[in-house]
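Content type mmCIF, C-alpha atoms and all ligand atoms, from the file start_14.cif:
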data_run
loop_
_atom_site.label_atom_id
_atom_site.label_comp_id
_atom_site.auth_asym_id
_atom_site.auth_seq_id
_atom_site.Cartn_x
_atom_site.Cartn_y
_atom_site.Cartn_z
CA PRO A 19 0.00 0.00 0.00
CA LEU A 20 0.95 3.61 -0.53
CA PHE A 21 0.12 6.55 1.70
CA LEU A 22 -0.63 9.91 0.10
CA GLU A 23 -1.77 13.19 1.61
CA GLY A 24 -2.24 16.80 0.64
CA PRO A 25 -4.67 19.61 -0.05
CA ILE A 26 -7.35 19.13 -2.69
CA ILE A 27 -6.48 21.38 -5.61
CA HIS A 28 -8.34 22.54 -8.74
CA GLY A 29 -8.10 20.63 -12.01
CA PHE A 30 -10.05 21.38 -15.19
CA GLY A 31 -13.42 20.62 -13.62
CA ARG A 32 -14.05 17.91 -16.21
CA GLY A 33 -14.59 15.08 -13.75
CA SER A 34 -18.02 16.07 -12.59
CA ARG A 35 -19.24 18.18 -15.50
CA LEU A 36 -18.23 15.91 -18.35
CA LEU A 37 -18.13 12.46 -16.79
CA GLY A 38 -20.38 12.57 -13.75
CA PHE A 39 -17.47 11.36 -11.60
CA PRO A 40 -15.85 14.21 -9.64
CA THR A 41 -12.24 13.57 -8.66
CA ALA A 42 -10.45 15.31 -5.79
CA ASN A 43 -7.06 16.21 -7.28
CA LEU A 44 -3.85 15.97 -5.27
CA ASP A 45 -0.76 17.97 -6.12
CA ALA A 46 1.64 15.30 -7.30
CA GLU A 47 4.63 17.63 -6.91
CA LYS A 48 4.01 18.61 -3.33
CA TYR A 49 4.59 17.10 0.10
CA GLU A 50 5.73 13.50 0.05
CA ASN A 51 3.44 12.58 -2.84
CA GLY A 52 5.79 13.37 -5.72
CA PRO A 53 8.39 10.64 -5.29
CA ILE A 54 5.64 8.10 -4.71
CA ILE A 55 3.41 9.12 -7.58
CA HIS A 56 6.35 9.14 -9.96
CA THR A 57 6.90 5.44 -9.29
CA LEU A 58 3.31 4.47 -10.07
CA PRO A 59 2.25 3.14 -13.46
CA VAL A 60 -0.57 5.19 -14.97
CA GLY A 61 -3.94 3.62 -14.45
CA VAL A 62 -6.71 3.15 -11.95
CA TYR A 63 -6.26 2.01 -8.34
CA ASP A 64 -8.57 1.29 -5.44
CA GLY A 65 -8.21 2.08 -1.77
CA PHE A 66 -9.51 4.11 1.14
CA CYS A 67 -9.42 7.80 1.96
CA THR A 68 -10.44 10.46 4.48
CA VAL A 69 -11.13 14.18 4.11
CA PHE A 70 -9.83 16.47 6.86
CA PHE A 71 -10.18 20.10 7.82
CA PRO A 72 -6.84 21.77 7.04
CA GLU A 73 -6.11 22.59 10.67
CA ALA A 74 -6.42 18.90 11.59
CA THR A 75 -3.22 18.06 9.68
CA ASN A 76 0.46 18.64 10.50
CA LEU A 77 1.26 20.07 7.08
CA SER A 78 2.70 23.55 7.44
CA ALA A 79 0.69 25.00 4.54
CA ALA A 80 -2.56 24.00 6.18
CA SER A 81 -4.86 26.88 7.05
CA SER A 82 -8.62 27.12 7.20
CA SER A 83 -8.88 30.87 6.86
CA ASP A 84 -10.27 30.73 3.30
CA LEU A 85 -13.02 28.20 3.92
CA PRO A 86 -16.51 29.66 4.32
CA GLU A 87 -18.27 28.73 7.54
CA SER A 88 -21.25 27.26 5.64
CA GLN A 89 -18.93 24.86 3.82
CA ARG A 90 -17.18 23.89 7.06
CA GLU A 91 -20.58 23.20 8.58
CA SER A 92 -21.73 21.05 5.61
CA MET A 93 -18.48 19.08 5.61
CA ARG A 94 -18.20 18.51 9.36
CA GLU A 95 -19.95 15.14 9.44
CA HIS A 96 -17.97 13.90 6.38
CA CYS A 97 -14.55 14.79 7.78
CA GLY A 98 -12.54 12.07 9.51
CA THR A 99 -14.79 9.36 8.06
CA VAL A 100 -13.13 6.62 6.00
CA PHE A 101 -14.51 6.17 2.48
CA LYS A 102 -13.75 3.78 -0.33
CA MET A 103 -12.18 5.39 -3.38
CA ALA A 104 -11.05 4.77 -6.96
CA MET A 105 -7.98 6.77 -8.01
CA SER A 106 -6.63 7.63 -11.42
CA ILE A 107 -2.93 8.26 -11.97
CA GLY A 108 -2.36 9.98 -15.28
CA TYR A 109 -0.70 12.85 -17.11
CA ASN A 110 -1.89 16.43 -17.17
CA PRO A 111 -2.51 17.66 -20.75
CA GLN A 112 -1.96 21.26 -19.60
CA PHE A 113 1.72 20.44 -19.09
CA ASN A 114 2.25 18.55 -22.35
CA ASN A 115 1.35 15.34 -20.59
CA THR A 116 4.57 15.49 -18.57
CA LEU A 117 3.09 16.23 -15.15
CA LYS A 118 1.58 13.28 -13.35
CA THR A 119 -1.64 13.83 -11.46
CA ALA A 120 -3.46 11.79 -8.84
CA GLU A 121 -7.25 12.12 -8.84
CA VAL A 122 -9.44 10.48 -6.25
CA HIS A 123 -13.09 9.68 -6.86
CA ILE A 124 -14.54 9.15 -3.38
CA LEU A 125 -17.35 6.63 -3.21
CA HIS A 126 -19.61 8.88 -1.21
CA LYS A 127 -22.16 11.58 -1.97
CA PHE A 128 -21.05 14.96 -0.59
CA PRO A 129 -23.33 17.98 -0.07
CA CYS A 130 -20.84 20.44 -1.60
CA ASP A 131 -17.34 20.62 -3.01
CA PHE A 132 -14.37 20.73 -0.67
CA TYR A 133 -11.39 22.29 -2.43
CA GLY A 134 -8.78 23.30 0.15
CA PHE A 135 -9.68 20.49 2.50
CA TYR A 136 -7.01 17.82 3.01
CA LEU A 137 -7.13 14.30 1.71
CA ARG A 138 -5.40 11.21 3.05
CA VAL A 139 -5.33 8.16 0.82
CA ILE A 140 -4.22 4.55 1.21
CA VAL A 141 -3.70 3.14 -2.27
CA LEU A 142 -4.17 -0.63 -2.41
CA ASP A 143 -4.54 -2.40 -5.74
CA PHE A 144 -4.08 -1.69 -9.42
CA LEU A 145 -7.40 -2.15 -11.23
CA ARG A 146 -6.50 -1.42 -14.85
CA PRO A 147 -3.93 0.40 -17.00
CA MET A 148 -4.76 3.76 -18.58
CA THR A 149 -6.18 3.33 -22.07
CA SER A 150 -7.73 5.63 -24.63
CA PHE A 151 -11.41 5.22 -25.35
CA LYS A 152 -13.26 5.65 -28.62
CA SER A 153 -16.06 7.66 -27.11
CA LEU A 154 -17.00 9.55 -23.99
CA GLN A 155 -19.63 6.90 -23.29
CA GLU A 156 -16.98 4.15 -23.34
CA LEU A 157 -14.89 6.12 -20.86
CA LYS A 158 -17.92 6.63 -18.60
CA ASP A 159 -18.72 2.92 -18.76
CA ALA A 160 -15.11 2.07 -17.85
CA ILE A 161 -15.22 4.40 -14.86
CA LYS A 162 -18.52 2.90 -13.76
CA GLY A 163 -16.80 -0.50 -14.01
CA ASP A 164 -13.87 0.74 -11.89
CA VAL A 165 -16.26 2.03 -9.23
CA ASP A 166 -18.17 -1.27 -9.12
CA LYS A 167 -14.92 -3.25 -8.95
CA ALA A 168 -13.54 -1.07 -6.16
CA THR A 169 -16.81 -1.23 -4.21
CA THR A 170 -16.75 -5.04 -4.19
CA ALA A 171 -13.00 -5.57 -3.84
CA LEU A 172 -12.65 -3.24 -0.86
CA ASP A 173 -15.10 -5.39 1.12
CA LEU A 174 -12.73 -8.38 0.94
CA PRO A 175 -11.50 -9.07 4.49
CA GLU A 176 -7.80 -8.67 3.62
CA LYS A 177 -8.44 -5.23 2.08
CA LYS A 178 -11.20 -4.00 4.36
CA THR A 179 -8.87 -3.85 7.38
CA TRP A 180 -6.82 -1.08 5.71
CA GLY A 181 -9.87 1.12 6.22
CA ASP A 182 -9.16 1.00 9.98
CA HIS A 183 -5.57 2.19 9.62
CA PRO A 184 -4.62 5.03 12.03
CA PHE A 185 -3.26 7.05 9.10
CA LEU A 186 -6.83 7.51 7.88
CA ILE A 187 -8.40 8.09 11.24
CA ASN A 188 -5.87 10.34 12.94
CA ALA A 189 -4.58 13.21 10.80
CA HIS A 190 -1.50 13.56 13.02
CA ILE A 191 -0.07 10.12 12.27
CA PRO A 192 2.67 10.75 9.70
CA PRO A 193 2.50 8.92 6.37
CA VAL A 194 4.79 5.92 5.98
CA VAL A 195 5.50 4.25 2.70
CA LEU A 196 5.28 0.55 3.39
CA GLN A 197 5.75 -0.99 0.00
CA VAL A 198 5.44 -0.03 -3.64
CA LYS A 199 3.09 -2.51 -5.23
CA THR A 200 2.89 -2.35 -9.01
CA GLN A 201 0.51 -5.17 -9.83
P1 LIG A 301 -11.37 19.34 -10.76
O1 LIG A 301 -10.91 19.19 -12.17
O2 LIG A 301 -11.19 20.74 -10.24
O3 LIG A 301 -10.76 18.30 -9.87
P2 LIG A 301 -13.83 17.79 -10.73
O4 LIG A 301 -14.94 17.93 -11.72
O5 LIG A 301 -12.96 16.57 -10.80
O6 LIG A 301 -12.96 19.11 -10.78
O7 LIG A 301 -14.51 17.90 -9.30
C1 LIG A 301 -13.73 17.66 -8.19
C2 LIG A 301 -14.24 18.33 -6.92
O8 LIG A 301 -15.57 17.90 -6.62
C3 LIG A 301 -13.39 17.88 -5.75
O9 LIG A 301 -12.25 18.71 -5.59
C4 LIG A 301 -14.35 18.00 -4.59
O10 LIG A 301 -14.27 19.30 -4.04
C5 LIG A 301 -15.73 17.81 -5.22
N1 LIG A 301 -16.34 16.48 -4.97
C6 LIG A 301 -17.66 16.31 -4.66
N2 LIG A 301 -17.96 15.02 -4.50
C7 LIG A 301 -16.81 14.31 -4.71
C8 LIG A 301 -16.50 12.90 -4.69
N3 LIG A 301 -17.42 11.98 -4.42
N4 LIG A 301 -15.22 12.54 -4.95
C9 LIG A 301 -14.28 13.48 -5.23
N5 LIG A 301 -14.52 14.81 -5.28
C10 LIG A 301 -15.78 15.24 -5.01
MG MG A 302 -10.76 16.27 -10.49
#
Please rewrite the model in this file as structure tokens.
Ligand code: ADP
Ligand code: MG
Amino acid sequence: PLFLEGPIIHGFGRGSRLLGFPTANLDAEKYENGPIIHTLPVGVYDGFCTVFFPEATNLSAASSSDLPESQRESMREHCGTVFKMAMSIGYNPQFNNTLKTAEVHILHKFPCDFYGFYLRVIVLDFLRPMTSFKSLQELKDAIKGDVDKATTALDLPEKKTWGDHPFLINAHIPPVVLQVKTQ
């Protein structure tokens, strides 16, 4: 498993508008994520994640000053809760496909967006390599397949226990890279 963490940053906004699958984007170049993400083959992974208020983390950049109180209120019950996720590792077309990005689709319905909140992710298994699709519908179907696969796979006893890991539950536990698993 791999441990990632960082603030949720803006992408192109295509995830929700175009595909119906919003993805919380992590900055692959920041914090400890970069070296890890650079070792990962592009594709789709499953795992668990938690959203945190910025001030709950140890990261020095964390500050809540920009978050509106209404958003904090809406997100309160969703913060610190472990969710299943499906993550895409790919290349960002804005940087000539040279910059790797990590995008996490959380298998949970949120009441609002939560840019600026912090995400902690435990990446478990590789589901499929990145491929190009002939149509938008084919891509949507593939993502739906990834979500179904992740939903089922993460209930397996040997994977489910990762959802109880202190890294996800306590934002002050530092990330530790245990092992790079590449299928
Ligand atoms: P962007 O390109 O800026 O990442 P997206 O269309 O991918 O835009 O939407 C992502 C944003 O949607 C996230 O940053 C988050 O604030 C919000 N969001 C709402 N529900 C979810 C979810 N289930 N999983 C991930 N992000 C979600
Ligand atoms: Mg996104």
Counting only C-alpha atoms, the option among A:Asp131, A:Leu137, A:Gly38, A:Pro72 closest to Phe21 (chain A): A:Leu137
Protein and nucleic acid residues within 6 Å of ligand LIG 301 (chain A) (all atoms listed in the file) as JSON, numbers by chain: {"A": [26, 28, 29, 30, 31, 32, 33, 34, 35, 40, 41, 42, 43, 122, 123, 124, 125, 126, 127, 128, 131, 132, 133]}
For CA of Leu37 (chain A) and CA of Asp159 (chain A), the interatomic separation in Å (one decimal):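 Separation between CA of Leu37 (chain A) and CA of Asp159 (chain A): 9.8 Å.
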Atomic distance CA of Pro86 (chain A) - CA of Gly98 (chain A), expressed in Å with one decimal: 18.8 Å
Selected residue of minimal separation from Leu157 (chain A) among A:Thr179, A:Pro19, A:Leu36, A:Ile55, counting all atoms listed in the file: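 The answer is A:Leu36, which sits nearest to Leu157 (chain A).
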d(CA of Leu142 (chain A), CA of Asp166 (chain A)) in Å: 15.5 Å
Minimum-distance residue to ligand MG 302 (chain A), chosen among A:Glu91, A:Asp45, A:Glu23, A:Asp143 (using only C-alpha atoms and all ligand atoms):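 Of A:Glu91, A:Asp45, A:Glu23, A:Asp143, the one nearest ligand MG 302 (chain A) is A:Asp45, counting only C-alpha atoms and all ligand atoms.
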Sel. within 9 Å of pt (-2.0, 19.1, 6.4), counting only C-alpha atoms, output as a list in words: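 Neighbouring residues, ordered by chain and number, come to Glu23, Gly24, Pro25, Phe70, Phe71, Pro72, Glu73, Ala74, Thr75, Asn76, Leu77, Ser78, Ala79, Ala80, Ser81, Phe135, Tyr136, Leu137, Ala189 and His190 of chain A.
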Nearest-residue call for Pro184 (chain A), choices A:Thr99, A:Thr116, A:Asn110, A:Thr149, using all atoms listed in the file: A:Thr99
